[in-house]
Amino acid sequence: MIRIAAVGDVHLAPDASGHLRPALEELGDCADLLLLAGDLTKHGTVEEAEVVAREFGGLAVPVVAVLGNHDHHSDLGDELSTVLSDAGITVLEGNGIVLDVNDTKVGVAGVKGFGGGFAGKCASAFGEQEMKAFVNHTVEVSDQLGKALDGLDADVRVALTHYAPVKETLRGEPLEIYPFLGSYLLAEAIDKARADIAFHGHAHAGTEHGMTAGGVRVRNVAQPVIRSAYKVYSLEPAELERAVG
Amino acid sequence: MTPDQEPPQYAVARLRRALAEDPRTAEQGVRVDLRGEQVYLSGDVASEERKHRLDEVVHDIAANLKVHNDVHVVEAQAPVGREELR
C-alpha cells in the first residue's frame, strides 16, 4: 500500500508562516510522500519561497512539488525552485522522480500545466501571436508531461500538475473561466501514458473528484477544496491496474 | 466615473480584477456580488489578515460601498481519515 498526501494552493507568505506546520509534523504517521500541486506562494517572491521551504522542509516524508501561476508572478520560477530544492523539496517541471516506498517504486511526473479549455470547447493555436503563444505553451507542457510519465520506470505512476486536466474537478467554478483553469491536453497526455492517478490544484471553488476520459482518477487538492492541510490517498498498485483497465 | 454611475456589471468586474491584481490581496478565488450599494465577498483565503485586506482594497476603489465580507479562512488542520483508491 502507498499513502500519498497531497495539497495545492497553500499561497504562503510571511503573514501565513507556520500555519500548516503543526499538521505536517504528523505526516510521517499517515503518509509515505507529500505532493504539492503548485501556488505554493502568493506573489512568487524569494521571501515567500523561504516561508514555503521552512513550512515543508525537513518533514518525515519526501516532498515533491510543481509550481503554479502565482509562483511565476514575479518571473522568478528558477529562483523559487532553487530555494525549495535547497530545503530538500523536489521541484518538477517537465521531468519526473522515482521514490522507493515500502519496496514499491512510485514515480511522479510533474509540470505546471496551463489553460486552453476542454475537448470540443477549447482554444486553438490560430491568429494573433498572443493566442498562438497561449495555446502552444499548453501543447508544450502537456507534451513534457507525457514524456516524463513515459520515462518513469516505476510500479505506480503519478501525474502532478497545477492546472486541471479535466473539467469534472472544476464543478463549482464559473463555466466561463474553465479555459483559464486547465486543458484537456494534460488529460490526453495522462491517458496516453496510462498513469495511475493525477493530482492538481488551481481551482479553489472546484470539486475534489474527477476522472479522465481514459479512466484515470483525478483529484483536485487545492486547499480550499480539501479544507485541511493535506489529504491522504492510499493506493494498492495491483488493484489500480484493474481500475484503469 | 464613480461606481454609482457605472453599470453594476462593470463595477463588479473592476473590483474582482483589483482583488486579483492588487499586491495587497492577489486573490483570484474571491467572488464579488453587488446589490445596490452593498458588496458581498465570498470564497476562501489563507489567513484572517488576508480576509481583512480585501476590505481595504474594496474601500480604496469604491468607498461608497458597504462591504459584507463572508470570505472563509481555509482550514489548516490535519485531515481525518484517508481515501482508499481501489
# chains A, B, ... in the order shown; residues from 1 in each chain; ligands from 1
$ interface_residues --of "chain A" --to "chain B" --cutoff "8 Å" --atoms "only C-alpha atoms" --output "PDB file with C-alpha atoms, in the first residue's frame"
ATOM      1  CA  VAL A  10      -1.330  26.955   0.050  1.00  0.00           C
ATOM      2  CA  HIS A  11      -0.359  30.501  -1.050  1.00  0.00           C
ATOM      3  CA  LEU A  12       2.201  31.011   1.684  1.00  0.00           C
ATOM      4  CA  ASP A  15       1.781  36.511   7.136  1.00  0.00           C
ATOM      5  CA  ALA A  16       0.787  32.818   6.930  1.00  0.00           C
ATOM      6  CA  HIS A  19       0.024  27.817   9.689  1.00  0.00           C
ATOM      7  CA  LEU A  20       0.421  24.328   8.219  1.00  0.00           C
ATOM      8  CA  PRO A  22       1.642  21.637  13.158  1.00  0.00           C
ATOM      9  CA  ALA A  23      -0.439  19.376  10.888  1.00  0.00           C
ATOM     10  CA  LEU A  24       2.606  18.482   8.791  1.00  0.00           C
ATOM     11  CA  GLU A  26       2.147  14.266  11.936  1.00  0.00           C
ATOM     12  CA  LYS A  42       1.243  34.294  -3.120  1.00  0.00           C
ATOM     13  CA  HIS A  43       3.304  36.578  -5.357  1.00  0.00           C
ATOM     14  CA  HIS A 204     -10.325  26.817  -5.469  1.00  0.00           C
ATOM     15  CA  ALA A 205     -14.077  26.573  -5.969  1.00  0.00           C
ATOM     16  CA  GLN A 223      -6.521  23.592  -0.078  1.00  0.00           C
ATOM     17  CA  PRO A 224      -9.877  25.427  -0.201  1.00  0.00           C
ATOM     18  CA  ARG A 227     -10.399  22.019   3.607  1.00  0.00           C
ATOM     19  CA  SER A 228      -7.412  20.695   5.514  1.00  0.00           C
ATOM     20  CA  ALA A 229      -3.607  20.962   5.497  1.00  0.00           C
ATOM     21  CA  TYR A 230      -3.424  17.991   3.098  1.00  0.00           C
ATOM     22  CA  LYS A 231      -5.400  14.927   2.094  1.00  0.00           C
ATOM     23  CA  VAL A 232      -4.172  11.331   2.109  1.00  0.00           C
ATOM     24  CA  TYR A 233      -4.925   8.828  -0.666  1.00  0.00           C
ATOM     25  CA  SER A 234      -3.986   5.191  -0.270  1.00  0.00           C
ATOM     26  CA  LEU A 235      -3.327   3.100  -3.372  1.00  0.00           C
ATOM     27  CA  GLU A 236      -2.943  -0.606  -3.926  1.00  0.00           C
ATOM     28  CA  GLU A 239      -5.841  -3.139  -7.894  1.00  0.00           C
ATOM     29  CA  LEU A 240      -5.305   0.232  -9.573  1.00  0.00           C
ATOM     30  CA  ALA A 243      -9.486   0.004 -12.360  1.00  0.00           C
TER      31      ALA A 243
END
$ closest_residue --among "A:Asp78, A:Glu93, A:Glu176, A:Asp155" --to "Val106 in chain A" --atoms "only C-alpha atoms"
A:Asp155
$ select_by_dssp --residues "range 5-238 of chain A" --states "alpha helix (DSSP H)" --output "PyMOL selection string"
chain A and resi 21-24+27-30+46-56+77-86+129-150+184-192+223-226+237-238
$ write_last_selection --atoms "C-alpha atoms" --output "tab-separated table (two decimals), in the first residue's frame"
chain	number	residue	atom	x	y	z
A	21	ARG	CA	3.46	23.10	10.11
A	22	PRO	CA	1.64	21.64	13.16
A	23	ALA	CA	-0.44	19.38	10.89
A	24	LEU	CA	2.61	18.48	8.79
A	27	LEU	CA	2.67	13.39	8.30
A	28	GLY	CA	5.13	10.55	8.85
A	29	ASP	CA	2.41	8.62	10.73
A	30	CYS	CA	-0.13	8.69	7.92
A	46	VAL	CA	12.02	34.54	-2.94
A	47	GLU	CA	10.94	35.72	0.53
A	48	GLU	CA	7.70	33.77	0.18
A	49	ALA	CA	9.57	30.72	-1.15
A	50	GLU	CA	11.66	30.81	2.01
A	51	VAL	CA	8.42	30.55	4.01
A	52	VAL	CA	7.45	27.53	1.88
A	53	ALA	CA	10.89	25.99	2.44
A	54	ARG	CA	10.52	26.34	6.23
A	55	GLU	CA	6.96	25.00	6.15
A	56	PHE	CA	7.66	21.90	4.04
A	77	GLY	CA	10.45	30.49	-11.15
A	78	ASP	CA	14.05	29.25	-11.26
A	79	GLU	CA	15.00	31.12	-8.09
A	80	LEU	CA	11.97	29.68	-6.26
A	81	SER	CA	12.88	26.17	-7.38
A	82	THR	CA	16.40	26.66	-6.03
A	83	VAL	CA	15.15	27.82	-2.62
A	84	LEU	CA	12.83	24.81	-2.40
A	85	SER	CA	15.47	22.37	-3.65
A	86	ASP	CA	17.91	23.66	-1.03
A	129	GLN	CA	0.86	35.73	-31.85
A	130	GLU	CA	-0.52	36.08	-28.31
A	131	MET	CA	-3.16	33.41	-28.97
A	132	LYS	CA	-0.70	31.04	-30.60
A	133	ALA	CA	1.76	31.54	-27.72
A	134	PHE	CA	-1.01	30.78	-25.19
A	135	VAL	CA	-2.05	27.52	-26.84
A	136	ASN	CA	1.47	26.46	-27.78
A	137	HIS	CA	2.58	26.76	-24.16
A	138	THR	CA	-0.14	24.28	-23.17
A	139	VAL	CA	0.82	21.95	-26.03
A	140	GLU	CA	4.47	22.10	-25.00
A	141	VAL	CA	3.98	21.45	-21.28
A	142	SER	CA	1.43	18.67	-21.94
A	143	ASP	CA	3.95	17.00	-24.23
A	144	GLN	CA	6.57	17.32	-21.49
A	145	LEU	CA	4.19	15.70	-19.02
A	146	GLY	CA	3.55	12.76	-21.35
A	147	LYS	CA	7.25	12.21	-21.95
A	148	ALA	CA	8.05	12.49	-18.23
A	149	LEU	CA	5.35	9.92	-17.42
A	150	ASP	CA	6.62	7.58	-20.15
A	184	TYR	CA	-7.73	18.52	-21.92
A	185	LEU	CA	-4.24	18.21	-23.44
A	186	LEU	CA	-2.93	17.39	-19.96
A	187	ALA	CA	-5.51	14.59	-19.61
A	188	GLU	CA	-4.67	13.28	-23.07
A	189	ALA	CA	-1.01	13.00	-22.03
A	190	ILE	CA	-2.01	11.29	-18.77
A	191	ASP	CA	-4.22	8.80	-20.62
A	192	LYS	CA	-1.69	8.04	-23.36
A	223	GLN	CA	-6.52	23.59	-0.08
A	224	PRO	CA	-9.88	25.43	-0.20
A	225	VAL	CA	-11.36	22.28	-1.80
A	226	ILE	CA	-9.95	19.68	0.61
A	237	PRO	CA	-0.88	-0.78	-7.15
A	238	ALA	CA	-2.21	-4.17	-8.34
$ residues_around --residues "Asp70 in chain B" --least-positions-apart "4" --cutoff "8 Å" --atoms "only C-alpha atoms" --output "list in words"
Tyr40, Leu41, Ser42 and Gly43 of chain B
$ residues_around --residues "Leu15 in chain B" --least-positions-apart "5" --cutoff "12 Å" --atoms "only C-alpha atoms" --output "MDAnalysis selection string"
chainID B and resid 3 8:10 20:22 25:28 30:34 39:41 54:63 65 67
$ write_last_selection --atoms "N, CA and C atoms" --output "tab-separated table (two decimals), in the first residue's frame"
chain	number	residue	atom	x	y	z
B	3	PRO	N	-18.29	54.45	-9.05
B	3	PRO	CA	-19.04	53.18	-9.12
B	3	PRO	C	-20.55	53.37	-9.16
B	8	PRO	N	-23.56	48.09	-12.82
B	8	PRO	CA	-23.00	47.23	-11.77
B	8	PRO	C	-22.10	46.13	-12.30
B	9	GLN	N	-22.37	45.65	-13.55
B	9	GLN	CA	-21.52	44.59	-14.12
B	9	GLN	C	-20.07	45.06	-14.23
B	10	TYR	N	-19.88	46.34	-14.63
B	10	TYR	CA	-18.51	46.84	-14.76
B	10	TYR	C	-17.88	47.06	-13.39
B	20	ALA	N	-7.62	40.58	-7.56
B	20	ALA	CA	-6.63	39.67	-8.13
B	20	ALA	C	-5.30	40.37	-8.37
B	21	GLU	N	-5.35	41.64	-8.81
B	21	GLU	CA	-4.13	42.29	-9.29
B	21	GLU	C	-3.45	43.17	-8.24
B	22	ASP	N	-4.19	43.64	-7.24
B	22	ASP	CA	-3.56	44.47	-6.21
B	22	ASP	C	-2.62	43.61	-5.37
B	25	THR	N	-3.67	42.02	-2.03
B	25	THR	CA	-4.61	40.89	-1.95
B	25	THR	C	-4.17	39.74	-2.85
B	26	ALA	N	-3.99	39.98	-4.13
B	26	ALA	CA	-3.60	38.92	-5.10
B	26	ALA	C	-4.47	37.69	-4.94
B	27	GLU	N	-5.77	37.91	-4.74
B	27	GLU	CA	-6.70	36.79	-4.54
B	27	GLU	C	-7.52	36.59	-5.80
B	28	GLN	N	-7.37	35.41	-6.41
B	28	GLN	CA	-8.14	35.12	-7.62
B	28	GLN	C	-9.41	34.34	-7.31
B	30	VAL	N	-11.75	34.99	-4.96
B	30	VAL	CA	-12.78	35.69	-4.19
B	30	VAL	C	-13.87	36.18	-5.13
B	31	ARG	N	-15.11	35.86	-4.78
B	31	ARG	CA	-16.24	36.27	-5.62
B	31	ARG	C	-16.80	37.59	-5.10
B	32	VAL	N	-17.28	38.39	-6.04
B	32	VAL	CA	-17.82	39.70	-5.71
B	32	VAL	C	-19.24	39.77	-6.24
B	33	ASP	N	-20.18	40.07	-5.37
B	33	ASP	CA	-21.56	40.29	-5.78
B	33	ASP	C	-22.00	41.66	-5.31
B	34	LEU	N	-22.62	42.40	-6.21
B	34	LEU	CA	-23.04	43.76	-5.90
B	34	LEU	C	-24.56	43.83	-5.90
B	39	VAL	N	-21.76	45.40	-1.25
B	39	VAL	CA	-20.93	44.43	-1.96
B	39	VAL	C	-20.68	43.24	-1.03
B	40	TYR	N	-20.90	42.04	-1.57
B	40	TYR	CA	-20.72	40.80	-0.82
B	40	TYR	C	-19.51	40.06	-1.35
B	41	LEU	N	-18.58	39.75	-0.46
B	41	LEU	CA	-17.38	39.00	-0.84
B	41	LEU	C	-17.51	37.58	-0.30
B	54	LEU	N	-8.93	42.42	2.01
B	54	LEU	CA	-9.94	42.52	0.94
B	54	LEU	C	-10.80	43.77	1.16
B	55	ASP	N	-11.18	44.00	2.42
B	55	ASP	CA	-11.98	45.18	2.75
B	55	ASP	C	-11.25	46.47	2.36
B	56	GLU	N	-9.96	46.49	2.66
B	56	GLU	CA	-9.15	47.69	2.37
B	56	GLU	C	-9.16	48.01	0.88
B	57	VAL	N	-8.91	46.98	0.08
B	57	VAL	CA	-8.81	47.20	-1.37
B	57	VAL	C	-10.16	47.64	-1.94
B	58	VAL	N	-11.23	47.00	-1.50
B	58	VAL	CA	-12.56	47.40	-1.98
B	58	VAL	C	-12.84	48.83	-1.57
B	59	HIS	N	-12.50	49.17	-0.34
B	59	HIS	CA	-12.77	50.52	0.17
B	59	HIS	C	-11.99	51.57	-0.63
B	60	ASP	N	-10.75	51.25	-0.99
B	60	ASP	CA	-9.93	52.21	-1.76
B	60	ASP	C	-10.53	52.49	-3.13
B	61	ILE	N	-11.18	51.50	-3.69
B	61	ILE	CA	-11.72	51.64	-5.05
B	61	ILE	C	-13.13	52.20	-5.03
B	62	ALA	N	-13.90	51.78	-4.05
B	62	ALA	CA	-15.31	52.16	-4.01
B	62	ALA	C	-15.72	52.42	-2.57
B	63	ALA	N	-15.33	53.59	-2.07
B	63	ALA	CA	-15.56	53.92	-0.65
B	63	ALA	C	-17.04	54.03	-0.32
B	65	LEU	N	-19.34	51.92	-1.13
B	65	LEU	CA	-19.99	50.62	-0.98
B	65	LEU	C	-19.84	50.10	0.44
B	67	VAL	N	-19.32	46.95	2.63
B	67	VAL	CA	-18.74	45.64	2.35
B	67	VAL	C	-19.25	44.61	3.35
$ select_by_dssp --residues "range 4-71 of chain B" --states "strand (DSSP E)" --output "JSON, numbers by chain"
{"B": [30, 31, 32, 33, 34, 35, 38, 39, 40, 41, 42, 43, 44, 45, 66, 67, 68, 69]}
